[in-house]
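Below is start.tsv, holding TSV, C-alpha atoms.
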```
chain	number	residue	atom	x	y	z
A	1	MET	CA	-4.39	-13.29	-11.47
A	2	ALA	CA	-0.99	-11.86	-10.45
A	3	TRP	CA	-0.19	-12.72	-6.86
A	4	GLN	CA	3.58	-12.67	-6.30
A	5	ASN	CA	5.89	-9.85	-5.25
A	6	LEU	CA	9.52	-10.36	-6.27
A	7	HIS	CA	12.19	-8.83	-4.03
A	8	ILE	CA	15.72	-8.81	-5.50
A	9	SER	CA	18.48	-7.77	-3.10
A	10	GLN	CA	21.57	-9.35	-4.69
A	11	PRO	CA	23.33	-8.54	-8.01
A	12	ALA	CA	21.35	-9.96	-10.91
A	13	ARG	CA	20.83	-9.88	-14.65
A	14	ILE	CA	17.18	-9.92	-15.69
A	15	SER	CA	16.02	-11.13	-19.09
A	16	LEU	CA	13.01	-12.68	-20.82
A	17	LYS	CA	12.55	-16.12	-22.32
A	18	HIS	CA	9.25	-17.61	-23.53
A	19	ASN	CA	7.21	-15.10	-21.49
A	20	GLN	CA	9.18	-16.04	-18.38
A	21	LEU	CA	11.24	-13.64	-16.32
A	22	CYS	CA	14.76	-15.01	-15.95
A	23	ILE	CA	16.89	-13.85	-13.01
A	24	ASP	CA	20.56	-14.83	-13.27
A	25	GLN	CA	22.58	-14.55	-10.04
A	26	GLU	CA	26.13	-15.94	-9.96
A	27	HIS	CA	25.69	-19.61	-10.95
A	28	GLU	CA	21.95	-19.79	-10.35
A	29	GLN	CA	19.01	-18.94	-12.60
A	30	THR	CA	15.40	-18.47	-11.45
A	31	THR	CA	12.46	-18.25	-13.83
A	32	LEU	CA	8.98	-16.96	-13.06
A	33	PRO	CA	5.91	-16.61	-15.32
A	34	LEU	CA	5.10	-12.94	-15.96
A	35	GLU	CA	1.42	-13.64	-15.34
A	36	ASP	CA	2.16	-14.57	-11.70
A	37	LEU	CA	3.92	-11.29	-10.87
A	38	CYS	CA	2.34	-8.17	-9.43
A	39	CYS	CA	5.37	-6.17	-8.29
A	40	ILE	CA	9.17	-6.34	-8.55
A	41	ILE	CA	11.33	-4.54	-5.98
A	42	LEU	CA	14.86	-3.86	-7.19
A	43	ASP	CA	16.60	-3.45	-3.83
A	44	THR	CA	20.17	-3.11	-5.07
A	45	PRO	CA	21.80	-0.92	-7.76
A	46	GLN	CA	23.64	-3.96	-9.14
A	47	ILE	CA	20.81	-5.15	-11.36
A	48	THR	CA	20.93	-5.14	-15.15
A	49	LEU	CA	17.83	-5.21	-17.36
A	50	THR	CA	16.95	-3.87	-20.80
A	51	GLY	CA	14.26	-1.59	-22.13
A	52	ALA	CA	12.68	-4.64	-23.74
A	53	VAL	CA	12.30	-6.24	-20.31
A	54	LEU	CA	10.74	-3.07	-18.87
A	55	SER	CA	8.35	-2.91	-21.82
A	56	ALA	CA	7.31	-6.54	-21.30
A	57	LEU	CA	6.78	-5.95	-17.58
A	58	ALA	CA	4.60	-2.94	-18.32
A	59	GLY	CA	2.64	-4.93	-20.88
A	60	ALA	CA	2.00	-7.60	-18.25
A	61	GLY	CA	0.81	-4.97	-15.75
A	62	ILE	CA	3.77	-5.46	-13.42
A	63	VAL	CA	4.97	-2.60	-11.21
A	64	VAL	CA	8.72	-2.06	-10.80
A	65	ILE	CA	10.09	-0.32	-7.69
A	66	GLN	CA	13.72	0.84	-7.45
A	67	SER	CA	15.31	1.55	-4.07
A	68	ASN	CA	18.25	3.85	-3.34
A	69	LYS	CA	21.45	2.97	-1.45
A	70	LYS	CA	19.60	3.39	1.85
A	71	HIS	CA	16.95	0.93	0.61
A	72	HIS	CA	14.27	3.59	0.45
A	73	PRO	CA	11.96	3.19	-2.58
A	74	THR	CA	12.66	6.11	-4.90
A	75	MET	CA	11.21	5.14	-8.28
A	76	ILE	CA	8.09	3.40	-9.52
A	77	CYS	CA	7.50	2.21	-13.08
A	78	LEU	CA	3.83	1.72	-14.00
A	79	PRO	CA	2.06	0.40	-17.10
A	80	PHE	CA	0.17	3.08	-19.03
A	81	HIS	CA	-3.23	2.91	-20.76
A	82	SER	CA	-4.00	-0.63	-19.63
A	83	HIS	CA	-7.80	-0.31	-19.57
A	84	TYR	CA	-9.95	-0.58	-22.68
A	85	LYS	CA	-12.15	2.34	-21.52
A	86	GLN	CA	-9.27	4.51	-20.34
A	87	ALA	CA	-10.57	7.82	-21.76
A	88	GLU	CA	-14.18	7.24	-20.67
A	89	ILE	CA	-13.24	6.44	-17.08
A	90	ALA	CA	-10.73	9.30	-16.95
A	91	HIS	CA	-13.44	11.75	-18.07
A	92	LEU	CA	-15.78	10.45	-15.34
A	93	GLN	CA	-13.02	10.88	-12.79
A	94	ILE	CA	-12.29	14.43	-13.93
A	95	LYS	CA	-15.99	15.36	-13.78
A	96	CYS	CA	-16.46	13.80	-10.32
A	97	SER	CA	-18.29	16.37	-8.18
A	98	ALA	CA	-16.81	17.92	-5.05
A	99	ALA	CA	-19.78	16.60	-3.06
A	100	LEU	CA	-19.11	13.02	-4.14
A	101	LYS	CA	-15.39	13.34	-3.40
A	102	LYS	CA	-16.18	14.59	0.11
A	103	ARG	CA	-18.56	11.70	0.79
A	104	LEU	CA	-16.00	9.19	-0.45
A	105	TRP	CA	-13.28	10.79	1.69
A	106	GLN	CA	-15.61	10.65	4.69
A	107	GLN	CA	-15.89	6.87	4.29
A	108	ILE	CA	-12.15	6.44	3.80
A	109	VAL	CA	-11.38	8.33	7.02
A	110	GLN	CA	-14.02	6.38	8.93
A	111	PHE	CA	-12.51	3.08	7.86
A	112	LYS	CA	-8.97	4.30	8.54
A	113	ILE	CA	-9.74	5.28	12.13
A	114	ASP	CA	-11.79	2.15	12.71
A	115	ASN	CA	-8.93	0.00	11.39
A	116	GLN	CA	-6.45	1.84	13.61
A	117	ASN	CA	-8.67	1.05	16.58
A	118	ARG	CA	-9.01	-2.59	15.50
A	119	HIS	CA	-5.22	-2.80	15.41
A	120	LEU	CA	-4.96	-1.35	18.91
A	121	ALA	CA	-7.57	-3.88	20.07
A	122	CYS	CA	-5.25	-6.68	18.92
A	123	ILE	CA	-2.29	-5.50	20.98
A	124	ALA	CA	-3.99	-3.95	24.02
A	125	SER	CA	-7.51	-2.60	23.94
A	126	PRO	CA	-9.52	-0.33	21.62
A	127	LEU	CA	-9.85	3.33	22.52
A	128	ALA	CA	-13.31	4.74	23.17
A	129	THR	CA	-12.12	8.10	21.84
A	130	LEU	CA	-11.38	6.63	18.42
A	131	SER	CA	-14.69	4.75	18.42
A	132	ARG	CA	-16.51	8.03	19.00
A	133	MET	CA	-14.53	9.78	16.30
A	134	THR	CA	-15.64	7.33	13.60
A	135	LYS	CA	-19.23	8.40	14.29
A	136	MET	CA	-18.39	12.12	14.27
A	137	ILE	CA	-16.75	12.35	10.84
A	138	ARG	CA	-18.72	14.51	8.44
A	139	SER	CA	-18.57	14.78	4.67
A	140	GLY	CA	-15.05	15.85	3.69
A	141	ASP	CA	-13.86	15.60	7.31
A	142	PRO	CA	-13.90	19.42	7.78
A	143	ASN	CA	-12.71	19.14	11.40
A	144	ASN	CA	-9.70	17.05	10.34
A	145	LEU	CA	-10.55	14.25	12.74
A	146	GLU	CA	-8.19	12.07	10.73
A	147	ALA	CA	-5.19	14.02	12.06
A	148	GLN	CA	-6.59	14.15	15.60
A	149	ALA	CA	-7.12	10.39	15.59
A	150	ALA	CA	-3.60	9.84	14.23
A	151	ARG	CA	-2.02	11.65	17.19
A	152	ILE	CA	-4.00	9.52	19.63
A	153	TYR	CA	-3.26	6.32	17.71
A	154	TRP	CA	0.51	6.80	17.47
A	155	SER	CA	0.73	7.72	21.15
A	156	ALA	CA	-1.06	4.49	22.04
A	157	LEU	CA	0.95	2.35	19.61
A	158	PHE	CA	4.56	3.41	20.24
A	159	LYS	CA	6.46	4.94	23.16
A	160	ASN	CA	8.67	7.99	22.61
A	161	TYR	CA	7.62	8.31	19.01
A	162	ARG	CA	7.22	11.10	16.46
A	163	ARG	CA	5.89	10.12	13.04
A	164	HIS	CA	8.21	12.37	11.02
A	165	ASP	CA	11.45	11.71	12.91
A	166	GLU	CA	13.82	10.61	10.12
A	167	ASN	CA	16.22	9.09	12.65
A	168	ASP	CA	13.62	6.70	14.06
A	169	ILE	CA	14.01	3.24	12.47
A	170	ARG	CA	10.29	2.64	13.00
A	171	ASN	CA	9.52	5.40	10.50
A	172	ALA	CA	11.91	3.87	7.96
A	173	MET	CA	10.06	0.56	8.35
A	174	LEU	CA	6.65	2.19	8.06
A	175	ASN	CA	7.63	4.17	4.97
A	176	TYR	CA	9.05	1.09	3.27
A	177	GLY	CA	5.87	-0.90	3.90
A	178	TYR	CA	3.62	1.96	2.82
A	179	ALA	CA	5.61	2.30	-0.42
A	180	ILE	CA	4.94	-1.35	-1.28
A	181	ILE	CA	1.18	-0.96	-0.77
A	182	ARG	CA	1.19	2.38	-2.58
A	183	ALA	CA	2.78	0.71	-5.60
A	184	ALA	CA	0.17	-2.07	-5.60
A	185	LEU	CA	-2.58	0.54	-5.35
A	186	SER	CA	-1.11	2.55	-8.23
A	187	ARG	CA	-0.98	-0.60	-10.35
A	188	SER	CA	-4.68	-1.32	-9.72
A	189	ILE	CA	-5.64	2.33	-10.25
A	190	VAL	CA	-4.04	2.37	-13.70
A	191	ALA	CA	-5.51	-1.06	-14.52
A	192	ALA	CA	-8.98	0.28	-13.68
A	193	GLY	CA	-8.57	3.20	-16.09
A	194	LEU	CA	-8.24	5.87	-13.39
A	195	LEU	CA	-5.61	8.63	-13.29
A	196	PRO	CA	-3.45	8.23	-10.16
A	197	ALA	CA	-2.63	11.96	-10.02
A	198	LEU	CA	-6.28	13.01	-9.50
A	199	GLY	CA	-7.18	12.42	-5.88
A	200	LEU	CA	-10.38	12.62	-3.88
A	201	HIS	CA	-8.82	14.56	-1.01
A	202	HIS	CA	-5.08	14.73	-1.65
A	203	ALA	CA	-4.49	17.37	-4.31
A	204	SER	CA	-0.80	18.23	-4.35
A	205	ILE	CA	0.23	19.62	-7.75
A	206	SER	CA	3.64	17.91	-7.37
A	207	ASN	CA	2.26	14.47	-6.50
A	208	GLY	CA	1.56	12.05	-9.33
A	209	PHE	CA	-0.12	9.60	-6.95
A	210	ASN	CA	-2.72	11.62	-5.05
A	211	LEU	CA	-5.39	8.95	-5.56
A	212	SER	CA	-3.05	6.24	-4.28
A	213	ASP	CA	-2.44	8.36	-1.19
A	214	ASP	CA	-6.20	8.62	-0.64
A	215	LEU	CA	-6.89	4.91	-0.93
A	216	ILE	CA	-3.91	3.77	1.13
A	217	GLU	CA	-5.32	5.34	4.31
A	218	PRO	CA	-7.48	2.42	5.55
A	219	LEU	CA	-4.65	0.02	4.64
A	220	ARG	CA	-1.93	1.70	6.70
A	221	PRO	CA	-2.72	-0.29	9.89
A	222	VAL	CA	-1.71	-3.46	8.03
A	223	VAL	CA	1.84	-2.12	7.75
A	224	ASP	CA	1.65	-0.68	11.26
A	225	SER	CA	0.86	-4.12	12.68
A	226	CYS	CA	3.84	-5.66	10.90
A	227	VAL	CA	6.21	-2.96	12.17
A	228	PHE	CA	4.82	-3.18	15.71
A	229	THR	CA	5.50	-6.92	15.78
A	230	ILE	CA	9.03	-6.47	14.41
A	231	VAL	CA	10.05	-3.85	16.99
A	232	LYS	CA	8.25	-5.66	19.81
A	233	ASN	CA	10.39	-8.77	19.39
A	234	ALA	CA	13.79	-7.14	19.02
A	235	ASN	CA	15.71	-3.86	19.19
A	236	HIS	CA	16.54	-2.91	15.60
A	237	THR	CA	18.73	-0.04	14.46
A	238	GLU	CA	18.84	-0.70	10.69
A	239	LEU	CA	16.43	-1.51	7.90
A	240	THR	CA	17.96	-4.93	7.31
A	241	LEU	CA	17.27	-7.28	4.40
A	242	GLU	CA	15.23	-9.55	6.66
A	243	ILE	CA	13.05	-6.65	7.79
A	244	ARG	CA	12.57	-5.40	4.24
A	245	ARG	CA	11.42	-8.85	3.16
A	246	LEU	CA	8.97	-9.01	6.05
A	247	LEU	CA	7.58	-5.65	4.97
A	248	VAL	CA	7.22	-6.80	1.36
A	249	GLY	CA	5.34	-9.75	2.86
A	250	VAL	CA	2.49	-7.52	4.04
A	251	MET	CA	0.97	-8.13	0.60
A	252	GLN	CA	0.27	-11.68	1.83
A	253	TYR	CA	-1.86	-10.40	4.73
A	254	SER	CA	-5.63	-10.78	4.67
A	255	VAL	CA	-8.39	-8.22	5.21
A	256	LYS	CA	-12.16	-8.39	5.26
A	257	MET	CA	-14.16	-6.95	2.38
A	258	GLY	CA	-17.86	-7.08	3.19
A	259	GLU	CA	-18.52	-10.66	4.23
A	260	ASN	CA	-15.43	-12.04	2.49
A	261	ILE	CA	-11.89	-12.51	3.74
A	262	MET	CA	-9.26	-12.10	1.04
A	263	GLY	CA	-5.61	-11.31	0.47
A	264	LEU	CA	-4.47	-7.72	0.32
A	265	LEU	CA	-3.87	-7.67	-3.44
A	266	PRO	CA	-7.36	-8.86	-4.49
A	267	ALA	CA	-8.82	-6.57	-1.82
A	268	ILE	CA	-6.98	-3.61	-3.36
A	269	GLU	CA	-8.28	-4.51	-6.81
A	270	LYS	CA	-11.82	-4.85	-5.46
A	271	MET	CA	-11.58	-1.49	-3.67
A	272	VAL	CA	-10.29	0.33	-6.76
A	273	PHE	CA	-12.87	-1.13	-9.13
A	274	SER	CA	-15.62	-0.32	-6.63
A	275	LEU	CA	-14.39	3.29	-6.70
A	276	VAL	CA	-14.88	3.32	-10.47
A	277	GLN	CA	-18.44	2.10	-9.89
A	278	ALA	CA	-19.07	4.73	-7.21
A	279	ILE	CA	-17.86	7.50	-9.53
A	280	SER	CA	-19.78	6.12	-12.51
A	281	ASP	CA	-23.05	5.82	-10.55
A	282	ASN	CA	-22.45	8.95	-8.46
A	283	ASP	CA	-23.08	6.78	-5.39
A	284	PRO	CA	-20.55	6.82	-2.51
A	285	LYS	CA	-22.15	3.69	-1.04
A	286	LYS	CA	-20.69	1.67	-3.92
A	287	LEU	CA	-17.17	2.14	-2.53
A	288	GLU	CA	-15.97	-1.01	-0.76
A	289	LEU	CA	-13.21	-0.59	1.81
A	290	PRO	CA	-11.10	-3.10	3.77
A	291	VAL	CA	-11.52	-4.01	7.42
A	292	PHE	CA	-8.32	-4.77	9.35
A	293	MET	CA	-7.65	-8.30	10.54
A	294	PRO	CA	-4.82	-9.37	12.89
A	295	TYR	CA	-1.79	-11.17	11.50
A	296	GLU	CA	1.01	-12.54	13.66
A	297	ILE	CA	4.56	-12.81	12.35
A	298	VAL	CA	6.33	-15.97	13.45
A	299	PRO	CA	9.17	-14.84	15.80
A	300	ASP	CA	11.73	-16.98	13.92
A	301	GLU	CA	11.06	-14.87	10.82
A	302	ILE	CA	12.36	-11.72	12.47
```
Represent the structure contained in this file as structure tokens.
Amino acid sequence: MAWQNLHISQPARISLKHNQLCIDQEHEQTTLPLEDLCCIILDTPQITLTGAVLSALAGAGIVVIQSNKKHHPTMICLPFHSHYKQAEIAHLQIKCSAALKKRLWQQIVQFKIDNQNRHLACIASPLATLSRMTKMIRSGDPNNLEAQAARIYWSALFKNYRRHDENDIRNAMLNYGYAIIRAALSRSIVAAGLLPALGLHHASISNGFNLSDDLIEPLRPVVDSCVFTIVKNANHTELTLEIRRLLVGVMQYSVKMGENIMGLLPAIEKMVFSLVQAISDNDPKKLELPVFMPYEIVPDEI
């Protein structure tokens, strides 16, 4: 099973040799087995690789993310048609009823708000308001309790904060971390035979990753906890290399799936494949979603 995320921030030339990825940087060469890699983040424009390398990465099910000069992820390269029942699963997804989508979205929102509250419990105390909201969410969340809970959550988490303030470094950190998880989700979605553009709730005609944006919701508090710890320990003004590497490291965090504790990547794969089962059986109870667990960054890492 793939388990490593590769973050490249210095000039490099990438090639293949005997099914190994070779990274040449100045006078040093690093080799990694393709089978160990889940995601590669190209965090500098000074990287050279060929179409043959990209094809091999896609064939191995490896996601490639390219960042811009501000280190914001701007491109994602995904493998295509990687499931042996691609057409069958895609047809099931397309025919998924509105009622089932609403029930699945109801569960996703419940877990998201519960995980937000679990995160708050780790740094201060849980909020009774959020606890009540998880019990009030109806099929499809017609009252948009997700957005109401978000306003309460962000106010409790950060001081003097607005989620969409582009000048706030905390938002840059959050967006970077979310992009990493979104890429891992998209990889698993394609591997499961699903179409990432067809969401359960998100339905933007210009978004090729609506389903990824649905399934990321209960996982967002994992990134939030990382960012909270980073800004708690120091006053940062830039999205530095050290911070970016810490954010890539969220994929090493653990969550709880049912009675089992597992890393984020296998949890994502389990969640996505359970969605296929829920759609196939027309049973929203088949969807398995992650429960947030605390993770403390060592201060020396920041």
Spatial sel., origin (2.3, -1.9, -13.1), limit 7 Å, only C-alpha atoms, listed as a list in words:
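Every polymer residue passing the test: Ala58, Gly61, Ile62, Val63, Val64, Cys77, Leu78, Pro79 and Arg187 of chain A.
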Would you work out the distance separating CA of Ala128 (chain A) from CA of Ile108 (chain A), expressed in Å to one decimal?
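Atom-to-atom, CA of Ala128 (chain A) and CA of Ile108 (chain A) are spaced 19.5 Å apart.
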Around (-17.6, 17.9, -4.4) in the file's frame, which residues reach within 12 Å when counting only C-alpha atoms? Return as a ChimeraX atom specification?
/A:93-106,139-140,199-201,279,282,284
Write out, as a PDB file, keeping the file's coordinate frame, the residues just selected, with C-alpha atoms.
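The new file part.pdb reads:
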```pdb
ATOM      1  CA  GLN A  93     -13.020  10.880 -12.790  1.00  0.00           C
ATOM      2  CA  ILE A  94     -12.290  14.430 -13.930  1.00  0.00           C
ATOM      3  CA  LYS A  95     -15.990  15.360 -13.780  1.00  0.00           C
ATOM      4  CA  CYS A  96     -16.460  13.800 -10.320  1.00  0.00           C
ATOM      5  CA  SER A  97     -18.290  16.370  -8.180  1.00  0.00           C
ATOM      6  CA  ALA A  98     -16.810  17.920  -5.050  1.00  0.00           C
ATOM      7  CA  ALA A  99     -19.780  16.600  -3.060  1.00  0.00           C
ATOM      8  CA  LEU A 100     -19.110  13.020  -4.140  1.00  0.00           C
ATOM      9  CA  LYS A 101     -15.390  13.340  -3.400  1.00  0.00           C
ATOM     10  CA  LYS A 102     -16.180  14.590   0.110  1.00  0.00           C
ATOM     11  CA  ARG A 103     -18.560  11.700   0.790  1.00  0.00           C
ATOM     12  CA  LEU A 104     -16.000   9.190  -0.450  1.00  0.00           C
ATOM     13  CA  TRP A 105     -13.280  10.790   1.690  1.00  0.00           C
ATOM     14  CA  GLN A 106     -15.610  10.650   4.690  1.00  0.00           C
ATOM     15  CA  SER A 139     -18.570  14.780   4.670  1.00  0.00           C
ATOM     16  CA  GLY A 140     -15.050  15.850   3.690  1.00  0.00           C
ATOM     17  CA  GLY A 199      -7.180  12.420  -5.880  1.00  0.00           C
ATOM     18  CA  LEU A 200     -10.380  12.620  -3.880  1.00  0.00           C
ATOM     19  CA  HIS A 201      -8.820  14.560  -1.010  1.00  0.00           C
ATOM     20  CA  ILE A 279     -17.860   7.500  -9.530  1.00  0.00           C
ATOM     21  CA  ASN A 282     -22.450   8.950  -8.460  1.00  0.00           C
ATOM     22  CA  PRO A 284     -20.550   6.820  -2.510  1.00  0.00           C
TER      23      PRO A 284
END
```
Spatial neighbours of Glu217 (chain A), 8 Å, all atoms listed in the file, chain gap at least 2 places, as a ChimeraX atom specification
/A:108-109,112,213-215,219-220
How would the residues just chosen look if you wrote them out with C-alpha atoms as a PDB file, in the frame of the given file?
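Below you can see again_39.pdb, which holds the result:
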```pdb
ATOM      1  CA  ILE A 108     -12.150   6.440   3.800  1.00  0.00           C
ATOM      2  CA  VAL A 109     -11.380   8.330   7.020  1.00  0.00           C
ATOM      3  CA  LYS A 112      -8.970   4.300   8.540  1.00  0.00           C
ATOM      4  CA  ASP A 213      -2.440   8.360  -1.190  1.00  0.00           C
ATOM      5  CA  ASP A 214      -6.200   8.620  -0.640  1.00  0.00           C
ATOM      6  CA  LEU A 215      -6.890   4.910  -0.930  1.00  0.00           C
ATOM      7  CA  LEU A 219      -4.650   0.020   4.640  1.00  0.00           C
ATOM      8  CA  ARG A 220      -1.930   1.700   6.700  1.00  0.00           C
TER       9      ARG A 220
END
```
Identify which of the residues A:Leu211, A:Leu194, A:Leu42, A:Val231 lies closest to His91 (chain A), counting only C-alpha atoms when measuring atom-to-atom distances.
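Among the listed residues, the smallest separation from His91 (chain A) belongs to A:Leu194.
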Find the residues around Gln86 (chain A) up to 10 Å (only C-alpha atoms counted), leave out those fewer than 6 positions away in its own chain, and share them as a list in words.
Phe80, Val190, Ala191, Ala192, Gly193, Leu194 and Leu195 of chain A
Would you pick out the contacts of region 43-51 of chain A at 10 Å or less, using only C-alpha atoms, so that residues sharing its chain but fewer than 4 positions from it are not included, and give the list as a VMD selection string?
chain A and resid 7 to 16 23 to 25 55 to 57 65 to 73 241 244
Deliver the residues from the most recent selection as a file, using C-alpha atoms, as a PDB file, keeping the file's coordinate frame.
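Listing of selection.pdb after writing:
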```pdb
ATOM      1  CA  HIS A   7      12.190  -8.830  -4.030  1.00  0.00           C
ATOM      2  CA  ILE A   8      15.720  -8.810  -5.500  1.00  0.00           C
ATOM      3  CA  SER A   9      18.480  -7.770  -3.100  1.00  0.00           C
ATOM      4  CA  GLN A  10      21.570  -9.350  -4.690  1.00  0.00           C
ATOM      5  CA  PRO A  11      23.330  -8.540  -8.010  1.00  0.00           C
ATOM      6  CA  ALA A  12      21.350  -9.960 -10.910  1.00  0.00           C
ATOM      7  CA  ARG A  13      20.830  -9.880 -14.650  1.00  0.00           C
ATOM      8  CA  ILE A  14      17.180  -9.920 -15.690  1.00  0.00           C
ATOM      9  CA  SER A  15      16.020 -11.130 -19.090  1.00  0.00           C
ATOM     10  CA  LEU A  16      13.010 -12.680 -20.820  1.00  0.00           C
ATOM     11  CA  ILE A  23      16.890 -13.850 -13.010  1.00  0.00           C
ATOM     12  CA  ASP A  24      20.560 -14.830 -13.270  1.00  0.00           C
ATOM     13  CA  GLN A  25      22.580 -14.550 -10.040  1.00  0.00           C
ATOM     14  CA  SER A  55       8.350  -2.910 -21.820  1.00  0.00           C
ATOM     15  CA  ALA A  56       7.310  -6.540 -21.300  1.00  0.00           C
ATOM     16  CA  LEU A  57       6.780  -5.950 -17.580  1.00  0.00           C
ATOM     17  CA  ILE A  65      10.090  -0.320  -7.690  1.00  0.00           C
ATOM     18  CA  GLN A  66      13.720   0.840  -7.450  1.00  0.00           C
ATOM     19  CA  SER A  67      15.310   1.550  -4.070  1.00  0.00           C
ATOM     20  CA  ASN A  68      18.250   3.850  -3.340  1.00  0.00           C
ATOM     21  CA  LYS A  69      21.450   2.970  -1.450  1.00  0.00           C
ATOM     22  CA  LYS A  70      19.600   3.390   1.850  1.00  0.00           C
ATOM     23  CA  HIS A  71      16.950   0.930   0.610  1.00  0.00           C
ATOM     24  CA  HIS A  72      14.270   3.590   0.450  1.00  0.00           C
ATOM     25  CA  PRO A  73      11.960   3.190  -2.580  1.00  0.00           C
ATOM     26  CA  LEU A 241      17.270  -7.280   4.400  1.00  0.00           C
ATOM     27  CA  ARG A 244      12.570  -5.400   4.240  1.00  0.00           C
TER      28      ARG A 244
END
```
Residue with smallest distance to His236 (chain A) - pool A:Asp168, A:Glu146, A:Glu269, A:Asp281, counting only C-alpha atoms:
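Using only C-alpha atoms, the shortest distance to His236 (chain A) belongs to A:Asp168.
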Neighbours of Ala150 (chain A) within 10 Å (all atoms listed in the file; same-chain residues fewer than 3 positions away dropped), as a list of chain:residue names?
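Everything that qualifies: A:Lys112, A:Ile113, A:Gln116, A:Leu130, A:Leu145, A:Glu146, A:Ala147, A:Tyr153, A:Trp154, A:Ser155, A:Ala156, A:Arg163.
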Please identify all polymer residues within 8 Å of Ala184 (chain A), counting all atoms listed in the file, omitting same-chain residues fewer than 2 positions from it, and present them as a PyMOL selection string.
chain A and resi 38-39+63+180-182+186-188+265+268
Just checking: using all atoms listed in the file, which residue out of A:Ile123, A:Ile152, A:Leu287, A:Gly258 ends up closest to Thr229 (chain A)?
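Closest candidate: A:Ile123.
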With distances taken over all atoms listed in the file, the candidate from A:Pro196, A:Pro294, A:Pro33, A:Pro221 nearest Tyr178 (chain A) is A:Pro221
Using only C-alpha atoms, which of the listed residues (A:Ser206, A:Val291, A:Ala278, A:Ala87) sits closest to Met262 (chain A)?
A:Val291
Tell me, in Å to one decimal, how far CA of Ala203 (chain A) is from CA of Ile216 (chain A).
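That distance, rounded to one decimal, is 14.7 Å.
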